[in-house]
>>> print(open('start-v6.cif').read())   # mmCIF, C-alpha atoms
data_structure
loop_
_atom_site.group_PDB
_atom_site.id
_atom_site.type_symbol
_atom_site.label_atom_id
_atom_site.label_comp_id
_atom_site.auth_asym_id
_atom_site.auth_seq_id
_atom_site.Cartn_x
_atom_site.Cartn_y
_atom_site.Cartn_z
ATOM 1 C CA MET A 112 0.000 0.000 0.000
ATOM 2 C CA ARG A 113 2.865 2.342 0.857
ATOM 3 C CA LYS A 114 4.457 1.688 -2.545
ATOM 4 C CA ILE A 115 1.173 2.549 -4.341
ATOM 5 C CA SER A 116 0.876 5.815 -2.360
ATOM 6 C CA LEU A 117 4.470 6.746 -3.139
ATOM 7 C CA ASN A 118 3.974 6.022 -6.864
ATOM 8 C CA LEU A 119 0.755 8.031 -6.890
ATOM 9 C CA LEU A 120 2.482 10.961 -5.157
ATOM 10 C CA LEU A 121 5.331 10.768 -7.669
ATOM 11 C CA LEU A 122 2.848 10.740 -10.548
ATOM 12 C CA VAL A 123 1.027 13.822 -9.198
ATOM 13 C CA ALA A 124 4.352 15.645 -8.698
ATOM 14 C CA LEU A 125 5.420 14.761 -12.253
ATOM 15 C CA PHE A 126 2.069 15.915 -13.692
ATOM 16 C CA THR A 127 2.330 19.193 -11.756
ATOM 17 C CA GLY A 128 5.979 19.817 -12.642
ATOM 18 C CA ILE A 129 5.499 19.169 -16.343
ATOM 19 C CA GLY A 130 2.320 21.270 -16.337
ATOM 20 C CA TYR A 131 4.140 24.326 -15.082
ATOM 21 C CA LEU A 132 6.892 23.845 -17.666
ATOM 22 C CA LEU A 133 4.362 23.940 -20.516
ATOM 23 C CA PRO A 134 4.037 27.337 -22.268
ATOM 24 C CA ASN A 135 1.288 29.726 -21.184
ATOM 25 C CA GLU A 136 0.618 30.803 -24.777
ATOM 26 C CA VAL A 137 -0.642 28.873 -27.782
ATOM 27 C CA LYS A 138 0.696 29.988 -31.148
ATOM 28 C CA VAL A 139 -0.402 28.326 -34.363
ATOM 29 C CA GLU A 140 1.069 29.453 -37.670
ATOM 30 C CA LYS A 141 0.179 28.112 -41.096
ATOM 31 C CA ILE A 142 1.608 29.237 -44.426
ATOM 32 C CA ILE A 143 0.396 28.771 -47.990
ATOM 33 C CA ARG A 144 1.572 29.816 -51.467
ATOM 34 C CA ILE A 145 -1.100 31.179 -53.787
ATOM 35 C CA GLN A 146 -0.715 31.609 -57.562
ATOM 36 C CA ALA A 147 -2.333 35.054 -57.645
ATOM 37 C CA PRO A 148 -1.196 38.660 -57.279
ATOM 38 C CA ILE A 149 -0.812 39.919 -53.737
ATOM 39 C CA THR A 150 -3.443 42.630 -54.278
ATOM 40 C CA GLU A 151 -6.153 40.059 -55.072
ATOM 41 C CA VAL A 152 -5.283 37.822 -52.124
ATOM 42 C CA TYR A 153 -5.017 40.768 -49.730
ATOM 43 C CA GLN A 154 -8.424 42.094 -50.804
ATOM 44 C CA GLN A 155 -10.009 38.710 -50.042
ATOM 45 C CA VAL A 156 -8.733 38.963 -46.461
ATOM 46 C CA ASN A 157 -9.136 42.722 -46.017
ATOM 47 C CA ASN A 158 -12.845 42.687 -46.986
ATOM 48 C CA LEU A 159 -14.628 41.083 -44.019
ATOM 49 C CA LYS A 160 -17.679 40.327 -46.152
ATOM 50 C CA ASN A 161 -15.506 37.794 -48.038
ATOM 51 C CA TRP A 162 -14.581 35.871 -44.876
ATOM 52 C CA ASP A 163 -17.661 33.652 -44.987
ATOM 53 C CA LYS A 164 -16.378 32.270 -48.315
ATOM 54 C CA TRP A 165 -13.070 31.017 -46.959
ATOM 55 C CA SER A 166 -12.204 31.624 -43.310
ATOM 56 C CA GLY A 167 -14.342 29.235 -41.299
ATOM 57 C CA MET A 168 -14.389 31.885 -38.540
ATOM 58 C CA VAL A 169 -17.720 33.335 -39.613
ATOM 59 C CA PRO A 170 -20.722 31.463 -38.230
ATOM 60 C CA LEU A 171 -22.693 29.647 -40.901
ATOM 61 C CA ASP A 172 -25.953 29.698 -38.939
ATOM 62 C CA SER A 173 -27.968 32.645 -40.244
ATOM 63 C CA ALA A 174 -30.006 32.645 -37.021
ATOM 64 C CA MET A 175 -26.954 34.047 -35.237
ATOM 65 C CA ASN A 176 -27.534 37.485 -36.791
ATOM 66 C CA LEU A 177 -24.073 38.360 -38.048
ATOM 67 C CA GLU A 178 -23.599 42.106 -37.725
ATOM 68 C CA PHE A 179 -20.781 44.150 -39.272
ATOM 69 C CA ILE A 180 -19.475 46.872 -36.978
ATOM 70 C CA ALA A 181 -17.157 49.885 -36.959
ATOM 71 C CA THR A 182 -15.719 51.367 -33.751
ATOM 72 C CA LYS A 183 -14.999 54.994 -32.866
ATOM 73 C CA GLN A 184 -11.287 54.131 -33.094
ATOM 74 C CA GLY A 185 -11.737 53.203 -36.766
ATOM 75 C CA ASP A 186 -11.550 49.436 -36.268
ATOM 76 C CA THR A 187 -13.989 47.227 -38.183
ATOM 77 C CA GLY A 188 -15.256 43.752 -37.555
ATOM 78 C CA PHE A 189 -18.307 41.628 -37.027
ATOM 79 C CA CYS A 190 -20.177 40.220 -34.053
ATOM 80 C CA TRP A 191 -22.805 37.588 -33.463
ATOM 81 C CA LYS A 192 -24.626 35.898 -30.604
ATOM 82 C CA THR A 193 -24.515 32.178 -30.039
ATOM 83 C CA THR A 194 -27.590 30.273 -28.989
ATOM 84 C CA GLY A 195 -27.972 27.265 -26.755
ATOM 85 C CA MET A 196 -27.406 26.621 -23.063
ATOM 86 C CA ASN A 197 -24.690 29.270 -22.670
ATOM 87 C CA PRO A 198 -25.436 32.122 -25.102
ATOM 88 C CA GLN A 199 -22.453 34.383 -25.725
ATOM 89 C CA LYS A 200 -21.738 37.518 -27.679
ATOM 90 C CA ARG A 201 -18.719 36.891 -29.890
ATOM 91 C CA ARG A 202 -16.732 39.427 -31.843
ATOM 92 C CA LEU A 203 -13.894 39.592 -34.333
ATOM 93 C CA LEU A 204 -12.378 43.050 -34.646
ATOM 94 C CA VAL A 205 -9.728 44.087 -37.168
ATOM 95 C CA THR A 206 -7.204 46.090 -35.153
ATOM 96 C CA GLY A 207 -4.664 46.970 -37.827
ATOM 97 C CA THR A 208 -3.941 46.753 -41.527
ATOM 98 C CA SER A 209 -1.027 47.599 -43.745
ATOM 99 C CA TRP A 210 -1.818 47.512 -47.472
ATOM 100 C CA CYS A 211 -0.685 44.195 -49.002
ATOM 101 C CA ASP A 212 1.536 43.495 -45.989
ATOM 102 C CA SER A 213 -0.507 42.509 -42.936
ATOM 103 C CA LEU A 214 -3.875 42.446 -41.193
ATOM 104 C CA SER A 215 -4.350 41.846 -37.470
ATOM 105 C CA ALA A 216 -7.503 41.092 -35.507
ATOM 106 C CA LYS A 217 -8.608 40.164 -32.022
ATOM 107 C CA MET A 218 -11.390 37.826 -31.022
ATOM 108 C CA SER A 219 -13.527 38.044 -27.920
ATOM 109 C CA PHE A 220 -16.300 36.091 -26.254
ATOM 110 C CA ASN A 221 -18.638 38.258 -24.184
ATOM 111 C CA LYS A 222 -16.227 40.985 -23.026
ATOM 112 C CA ASP A 223 -13.060 38.912 -22.705
ATOM 113 C CA ASP A 224 -10.405 39.128 -25.401
ATOM 114 C CA ILE A 225 -9.429 35.501 -25.918
ATOM 115 C CA ALA A 226 -7.165 35.464 -28.933
ATOM 116 C CA SER A 227 -5.452 37.421 -31.672
ATOM 117 C CA SER A 228 -4.918 36.586 -35.287
ATOM 118 C CA CYS A 229 -2.568 38.091 -37.848
ATOM 119 C CA PHE A 230 -2.082 37.642 -41.579
ATOM 120 C CA HIS A 231 1.230 38.442 -43.273
ATOM 121 C CA PHE A 232 1.536 38.742 -47.060
ATOM 122 C CA SER A 233 4.562 38.693 -49.356
ATOM 123 C CA GLU A 234 4.898 38.269 -53.108
ATOM 124 C CA ASN A 235 7.552 36.765 -55.334
ATOM 125 C CA ASP A 236 7.099 36.465 -59.121
ATOM 126 C CA GLY A 237 3.305 36.514 -59.015
ATOM 127 C CA THR A 238 3.083 34.010 -56.168
ATOM 128 C CA THR A 239 1.673 35.311 -52.895
ATOM 129 C CA VAL A 240 2.779 33.791 -49.615
ATOM 130 C CA VAL A 241 0.227 34.102 -46.809
ATOM 131 C CA SER A 242 1.048 33.363 -43.193
ATOM 132 C CA TRP A 243 -1.874 33.107 -40.750
ATOM 133 C CA VAL A 244 -0.875 33.279 -37.079
ATOM 134 C CA PHE A 245 -3.277 32.575 -34.209
ATOM 135 C CA ARG A 246 -2.275 33.345 -30.592
ATOM 136 C CA THR A 247 -4.013 32.951 -27.263
ATOM 137 C CA LYS A 248 -2.787 33.385 -23.708
ATOM 138 C CA LEU A 249 -3.557 30.673 -21.187
ATOM 139 C CA ASN A 250 -4.204 31.088 -17.495
ATOM 140 C CA ASN A 251 -1.370 30.066 -15.195
ATOM 141 C CA ASP A 252 -3.231 27.094 -13.723
ATOM 142 C CA LEU A 253 -2.419 23.473 -14.524
ATOM 143 C CA ILE A 254 -5.587 22.742 -16.460
ATOM 144 C CA SER A 255 -5.028 25.710 -18.790
ATOM 145 C CA ARG A 256 -1.376 24.805 -19.342
ATOM 146 C CA TRP A 257 -2.228 21.184 -20.167
ATOM 147 C CA SER A 258 -5.013 22.361 -22.539
ATOM 148 C CA GLY A 259 -2.506 24.242 -24.734
ATOM 149 C CA PRO A 260 -1.530 21.298 -26.967
ATOM 150 C CA PHE A 261 -5.200 20.385 -27.419
ATOM 151 C CA ILE A 262 -6.105 23.959 -28.400
ATOM 152 C CA HIS A 263 -3.288 23.890 -30.949
ATOM 153 C CA ASN A 264 -4.643 20.657 -32.424
ATOM 154 C CA LEU A 265 -8.147 22.149 -32.659
ATOM 155 C CA ILE A 266 -7.087 25.411 -34.331
ATOM 156 C CA ALA A 267 -4.431 24.148 -36.785
ATOM 157 C CA PRO A 268 -6.891 22.244 -39.051
ATOM 158 C CA ASP A 269 -9.197 25.306 -39.199
ATOM 159 C CA LEU A 270 -6.324 27.540 -40.299
ATOM 160 C CA ASN A 271 -5.216 24.995 -42.918
ATOM 161 C CA HIS A 272 -8.759 24.652 -44.216
ATOM 162 C CA GLY A 273 -9.253 28.436 -44.369
ATOM 163 C CA LEU A 274 -5.974 29.015 -46.204
ATOM 164 C CA THR A 275 -6.755 26.239 -48.674
ATOM 165 C CA LYS A 276 -10.144 27.825 -49.446
ATOM 166 C CA LEU A 277 -8.479 31.261 -49.717
ATOM 167 C CA LYS A 278 -6.034 29.763 -52.229
ATOM 168 C CA THR A 279 -8.827 28.224 -54.306
ATOM 169 C CA ILE A 280 -10.894 31.424 -54.397
ATOM 170 C CA SER A 281 -7.919 33.680 -55.139
ATOM 171 C CA GLU A 282 -6.555 31.444 -57.904
ATOM 172 C CA GLU A 283 -9.989 31.059 -59.513
ATOM 173 C CA GLN A 284 -10.495 34.824 -59.377
ATOM 174 C CA ASN A 285 -7.034 35.345 -60.868
ATOM 175 C CA ASN A 286 -7.802 32.932 -63.721
ATOM 176 C CA ASP A 287 -11.133 34.655 -64.394
ATOM 177 C CA SER A 288 -9.469 38.054 -64.638
ATOM 178 C CA SER A 289 -6.615 36.868 -66.889
ATOM 179 C CA PRO A 290 -6.842 38.114 -70.478
ATOM 180 C CA GLN A 291 -8.386 35.562 -72.797
ATOM 181 C CA TYR A 292 -6.729 35.201 -76.198
ATOM 182 C CA SER A 293 -8.152 33.407 -79.149
ATOM 183 C CA GLU A 294 -6.757 32.624 -82.564
ATOM 184 C CA LEU A 295 -8.219 34.413 -85.535
#
>>> encode(input="start-v6.cif", output="structure tokens")
Amino acid sequence: MRKISLNLLLLVALFTGIGYLLPNEVKVEKIIRIQAPITEVYQQVNNLKNWDKWSGMVPLDSAMNLEFIATKQGDTGFCWKTTGMNPQKRRLLVTGTSWCDSLSAKMSFNKDDIASSCFHFSENDGTTVVSWVFRTKLNNDLISRWSGPFIHNLIAPDLNHGLTKLKTISEEQNNDSSPQYSEL
């Protein structure tokens, strides 16, 4: 019995020690190359009304009443209310843009800012490279620290999916706007 108690105590100490060594921030970054001019790709991201086509961050349920907003500080974004057992007001607010270089946003549930997101754009020979970075701070308790790797695994597929859809839309738009030549 004493050996079981000692092993259990050792296991709890190991769980606690490792937990406090885990980072208190989750950062997920995904990068994609898009065969379209940087201006076209940037405009897809910069126009929030396009986000429902590619991002996966806009709610698909029309009953949530998606509302586009502009703040006194000049920031723009959208908000919506969730339904269900724990209704929440959620918001995505663009906090900074630099033409064809970057766009940053913060996300909040109710009044708490929970995460930030940033897009970086660069172009080389007609190919646009887009980097999408998601960050969130965790509380300094053990449960939050241990949840970090799980949050990363939940967010990473959404970013990949969004960037893949952004690539498809931007490349299709680029092909549609290319001059069409025919032989006479």
>>> closest_atom_pairs(input="start-v6.cif", of="region 198-253 of chain A", to="region 131-148 of chain A", cutoff="9 Å", atoms="all atoms listed in the file", output="tab-separated table")
residue	atom	partner	partner_atom	distance
A:Glu234	CA	A:Pro148	CA	7.4
A:Asp236	CA	A:Pro148	CA	8.8
A:Gly237	CA	A:Pro148	CA	5.3
A:Thr238	CA	A:Gln146	CA	4.7
A:Thr239	CA	A:Ile145	CA	5.1
A:Val240	CA	A:Arg144	CA	4.5
A:Val241	CA	A:Ile143	CA	5.5
A:Ser242	CA	A:Ile142	CA	4.3
A:Trp243	CA	A:Lys141	CA	5.4
A:Val244	CA	A:Glu140	CA	4.3
A:Phe245	CA	A:Val139	CA	5.1
A:Arg246	CA	A:Lys138	CA	4.5
A:Thr247	CA	A:Val137	CA	5.3
A:Lys248	CA	A:Glu136	CA	4.4
A:Leu249	CA	A:Asn135	CA	4.9
A:Asn250	CA	A:Asn135	CA	6.8
A:Asn251	CA	A:Asn135	CA	6.6
A:Asp252	CA	A:Tyr131	CA	8.0
A:Leu253	CA	A:Tyr131	CA	6.6
>>> resolve_selection(input="start-v6.cif", expression="the PyMOL selection byres ((chain A and resi 208) around 12)", output="list of chain:residue names")
A:Tyr153, A:Gln154, A:Val156, A:Asn157, A:Asn158, A:Gly185, A:Asp186, A:Thr187, A:Leu204, A:Val205, A:Thr206, A:Gly207, A:Ser209, A:Trp210, A:Cys211, A:Asp212, A:Ser213, A:Leu214, A:Ser215, A:Ala216, A:Ser228, A:Cys229, A:Phe230, A:His231, A:Phe232
>>> axis_aligned_box(input="start-v6.cif", around="region 147-156 of chain A", padding_each_side="4 Å", output="AutoDock Vina command-line options")
--center_x -5.4 --center_y 38.8 --center_z -52.1 --size_x 17.2 --size_y 15.6 --size_z 19.2
>>> residues_around(input="start-v6.cif", residues="region 190-196 of chain A", least_positions_apart="5", cutoff="8 Å", atoms="all atoms listed in the file", output="ChimeraX atom specification")
/A:175-180,201-203
>>> closest_residue(input="start-v6.cif", among="A:Val123, A:Ile280, A:Met218, A:Leu265", to="Gln155 (chain A)", atoms="only C-alpha atoms")
A:Ile280
>>> atom_distance(input="start-v6.cif", atom1="CA of Asn161 (chain A)", atom2="CA of Asn264 (chain A)")
25.6 Å
>>> resolve_selection(input="start-v6.cif", expression="the PyMOL selection byres ((chain A and resi 164) around 12)", output="list in words")
Gln155, Val156, Asn158, Leu159, Lys160, Asn161, Trp162, Asp163, Trp165, Ser166, Gly167, Met168, Val169, Pro170, Leu171, His272, Gly273, Leu274, Thr275, Lys276, Leu277, Lys278, Thr279, Ile280 and Ser281 of chain A
>>> atom_distance(input="start-v6.cif", atom1="CA of Ile254 (chain A)", atom2="CA of Thr127 (chain A)")
9.9 Å
>>> atom_distance(input="start-v6.cif", atom1="CA of Gln184 (chain A)", atom2="CA of Ser227 (chain A)")
17.8 Å
>>> closest_residue(input="start-v6.cif", among="A:Gln284, A:Gly130, A:Ser233, A:Phe220", to="Pro260 (chain A)", atoms="all atoms listed in the file")
A:Gly130
>>> closest_residue(input="start-v6.cif", among="A:Asn286, A:Ser219, A:Ser116, A:Thr182", to="Lys200 (chain A)", atoms="all atoms listed in the file")
A:Ser219
